[in-house]
Structure formats: C-alpha cells, structure tokens
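Notes follow once the structure below has been shown.
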Amino acid sequence: MFESTSRYHGLPTATWTGPDGRTVAYVRRRFPPHPEELVTVREEAVGVGERLDVFAARHLGDPEQDWRIADGHRVLRPDDLTALPGRRLRITLPAGVPGAYAAGGAPG
C-alpha cells in the first residue's frame, strides 16, 4: 500500500464502517521507535533557517525522509530539531531495516 521509503510501509490496515454503510480503510497507529535503539549512521549540523525537510533533502536526498531524522530524536515538535543553527542531528537507519537496531535494541 505504501512505498518502502514511507514511514507507513508495512503497517497493518483496518476498516471502519460508518452509519451510512460506507467503508473506509485506514492505516493503524504507528508507534515511533525508541531513538536510543536506532543505529546512528552519522551526525550533521543544522544550517541557519533550515527546515527539517530541507535538512533531509540535503543529507538523505529526499525531503520526505524527514521522519527518519525525527525518529532519531525524542521531540514533540519536529520543528524544534532545526530551531538552533549548528545543532547536530542524528541520522539513523529506519526501524525495520536489517541492522537498524543498536545492540540490545529490539524491533517494536
């Protein structure tokens, strides 16, 4: 249903039937992995005025991979990651990729 580069790839789906009988398919809730369990590939510094999607495009080649950077940090608002120029952000392997979990980490 979703491409392999999507944060929703591999998630189970479900259906909901409304009072009018219409059925709607949806993706079940995604629980982000624990950042400390992910393998860090490298760290890169945030540029002045840089947004997370721009950071992801620069370092991962795709602005839609910003979720991978957010998964590597424990934040409520992803914009907080780029608020401070010079902050070094972890770039991690996505959860579910072979070798993506650090020693002692478990897929979730």
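Ordering of the structure tokens sets the chain letters (A, B, ...); residue numbers start at 1 within each chain; ligands are numbered from 1 in the order shown.
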List the spatial neighbours of A:Pro35 as an mmCIF file with C-alpha atoms, in the first residue's frame - criterion: any atom at most 6 Å away, only C-alpha atoms, same-chain residues fewer than 3 positions off excluded.
```
data_model
loop_
_atom_site.group_PDB
_atom_site.id
_atom_site.type_symbol
_atom_site.label_atom_id
_atom_site.label_comp_id
_atom_site.auth_asym_id
_atom_site.auth_seq_id
_atom_site.Cartn_x
_atom_site.Cartn_y
_atom_site.Cartn_z
ATOM 1 C CA LEU A 38 18.353 3.011 16.394
ATOM 2 C CA GLY A 72 16.228 9.530 15.747
ATOM 3 C CA HIS A 73 15.269 12.148 18.362
#
```
Find the spatial neighbours of A:Leu60, counting only C-alpha atoms, within a cut-off of 12 Å - ignore same-chain residues fewer than 3 positions away - and output them as a count of residues only. 23
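For the atom pair formed by atom CA of A:Arg87 and atom CA of A:Ala45, the distance is 5.3 Å, given to one decimal.
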One number please: atom CA of A:Gly96 to atom CA of A:Gly47, in Å, one decimal. 29.3 Å
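In this model, the gap between atom CA of A:Val39 and atom CA of A:Arg74 comes to 14.6 Å.
Residues within 7 Å of A:Ala14, counting only C-alpha atoms and excluding same-chain residues fewer than 2 positions away, are Pro12, Trp16, Ala25, Tyr26, Val27 and Arg28 of chain A.
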Residues as selected, all heavy atoms, written as a PDB file, in the first residue's frame, can you do that?
```pdb
ATOM      1  N   PRO A  12      -0.075  -2.397   9.515  1.00  0.00           N
ATOM      2  CA  PRO A  12      -1.357  -3.036   9.215  1.00  0.00           C
ATOM      3  C   PRO A  12      -2.435  -1.993   8.932  1.00  0.00           C
ATOM      4  O   PRO A  12      -2.359  -0.851   9.403  1.00  0.00           O
ATOM      5  CB  PRO A  12      -1.680  -3.823  10.492  1.00  0.00           C
ATOM      6  CG  PRO A  12      -0.875  -3.184  11.565  1.00  0.00           C
ATOM      7  CD  PRO A  12       0.325  -2.575  10.907  1.00  0.00           C
ATOM      8  N   TRP A  16     -13.179   0.852   8.779  1.00  0.00           N
ATOM      9  CA  TRP A  16     -14.222   1.400   9.629  1.00  0.00           C
ATOM     10  C   TRP A  16     -15.468   1.536   8.771  1.00  0.00           C
ATOM     11  O   TRP A  16     -15.396   1.994   7.624  1.00  0.00           O
ATOM     12  CB  TRP A  16     -13.797   2.758  10.171  1.00  0.00           C
ATOM     13  CG  TRP A  16     -14.866   3.470  10.941  1.00  0.00           C
ATOM     14  CD1 TRP A  16     -15.230   3.245  12.223  1.00  0.00           C
ATOM     15  CD2 TRP A  16     -15.706   4.514  10.471  1.00  0.00           C
ATOM     16  NE1 TRP A  16     -16.241   4.076  12.598  1.00  0.00           N
ATOM     17  CE2 TRP A  16     -16.559   4.875  11.522  1.00  0.00           C
ATOM     18  CE3 TRP A  16     -15.837   5.174   9.249  1.00  0.00           C
ATOM     19  CZ2 TRP A  16     -17.523   5.859  11.397  1.00  0.00           C
ATOM     20  CZ3 TRP A  16     -16.793   6.155   9.121  1.00  0.00           C
ATOM     21  CH2 TRP A  16     -17.623   6.499  10.201  1.00  0.00           C
ATOM     22  N   ALA A  25     -10.980   2.528   4.594  1.00  0.00           N
ATOM     23  CA  ALA A  25      -9.754   1.845   5.006  1.00  0.00           C
ATOM     24  C   ALA A  25      -8.807   2.878   5.608  1.00  0.00           C
ATOM     25  O   ALA A  25      -8.759   4.023   5.156  1.00  0.00           O
ATOM     26  CB  ALA A  25      -9.106   1.168   3.810  1.00  0.00           C
ATOM     27  N   TYR A  26      -8.058   2.465   6.627  1.00  0.00           N
ATOM     28  CA  TYR A  26      -7.082   3.370   7.232  1.00  0.00           C
ATOM     29  C   TYR A  26      -5.886   2.569   7.737  1.00  0.00           C
ATOM     30  O   TYR A  26      -5.957   1.346   7.890  1.00  0.00           O
ATOM     31  CB  TYR A  26      -7.713   4.190   8.372  1.00  0.00           C
ATOM     32  CG  TYR A  26      -8.181   3.366   9.553  1.00  0.00           C
ATOM     33  CD1 TYR A  26      -7.357   3.188  10.661  1.00  0.00           C
ATOM     34  CD2 TYR A  26      -9.446   2.780   9.573  1.00  0.00           C
ATOM     35  CE1 TYR A  26      -7.779   2.447  11.754  1.00  0.00           C
ATOM     36  CE2 TYR A  26      -9.874   2.043  10.663  1.00  0.00           C
ATOM     37  CZ  TYR A  26      -9.036   1.879  11.743  1.00  0.00           C
ATOM     38  OH  TYR A  26      -9.450   1.144  12.820  1.00  0.00           O
ATOM     39  N   VAL A  27      -4.801   3.270   7.965  1.00  0.00           N
ATOM     40  CA  VAL A  27      -3.587   2.648   8.483  1.00  0.00           C
ATOM     41  C   VAL A  27      -3.650   2.712  10.003  1.00  0.00           C
ATOM     42  O   VAL A  27      -3.972   3.747  10.584  1.00  0.00           O
ATOM     43  CB  VAL A  27      -2.332   3.405   7.970  1.00  0.00           C
ATOM     44  CG1 VAL A  27      -1.067   2.803   8.558  1.00  0.00           C
ATOM     45  CG2 VAL A  27      -2.291   3.371   6.462  1.00  0.00           C
ATOM     46  N   ARG A  28      -3.319   1.609  10.619  1.00  0.00           N
ATOM     47  CA  ARG A  28      -3.300   1.588  12.084  1.00  0.00           C
ATOM     48  C   ARG A  28      -2.206   2.503  12.615  1.00  0.00           C
ATOM     49  O   ARG A  28      -1.292   2.881  11.903  1.00  0.00           O
ATOM     50  CB  ARG A  28      -3.079   0.167  12.580  1.00  0.00           C
ATOM     51  CG  ARG A  28      -4.249  -0.730  12.290  1.00  0.00           C
ATOM     52  CD  ARG A  28      -4.437  -1.651  13.468  1.00  0.00           C
ATOM     53  NE  ARG A  28      -5.608  -2.467  13.258  1.00  0.00           N
ATOM     54  CZ  ARG A  28      -6.688  -2.365  14.012  1.00  0.00           C
ATOM     55  NH1 ARG A  28      -6.749  -1.490  14.990  1.00  0.00           N
ATOM     56  NH2 ARG A  28      -7.715  -3.138  13.794  1.00  0.00           N
TER      57      ARG A  28
END
```
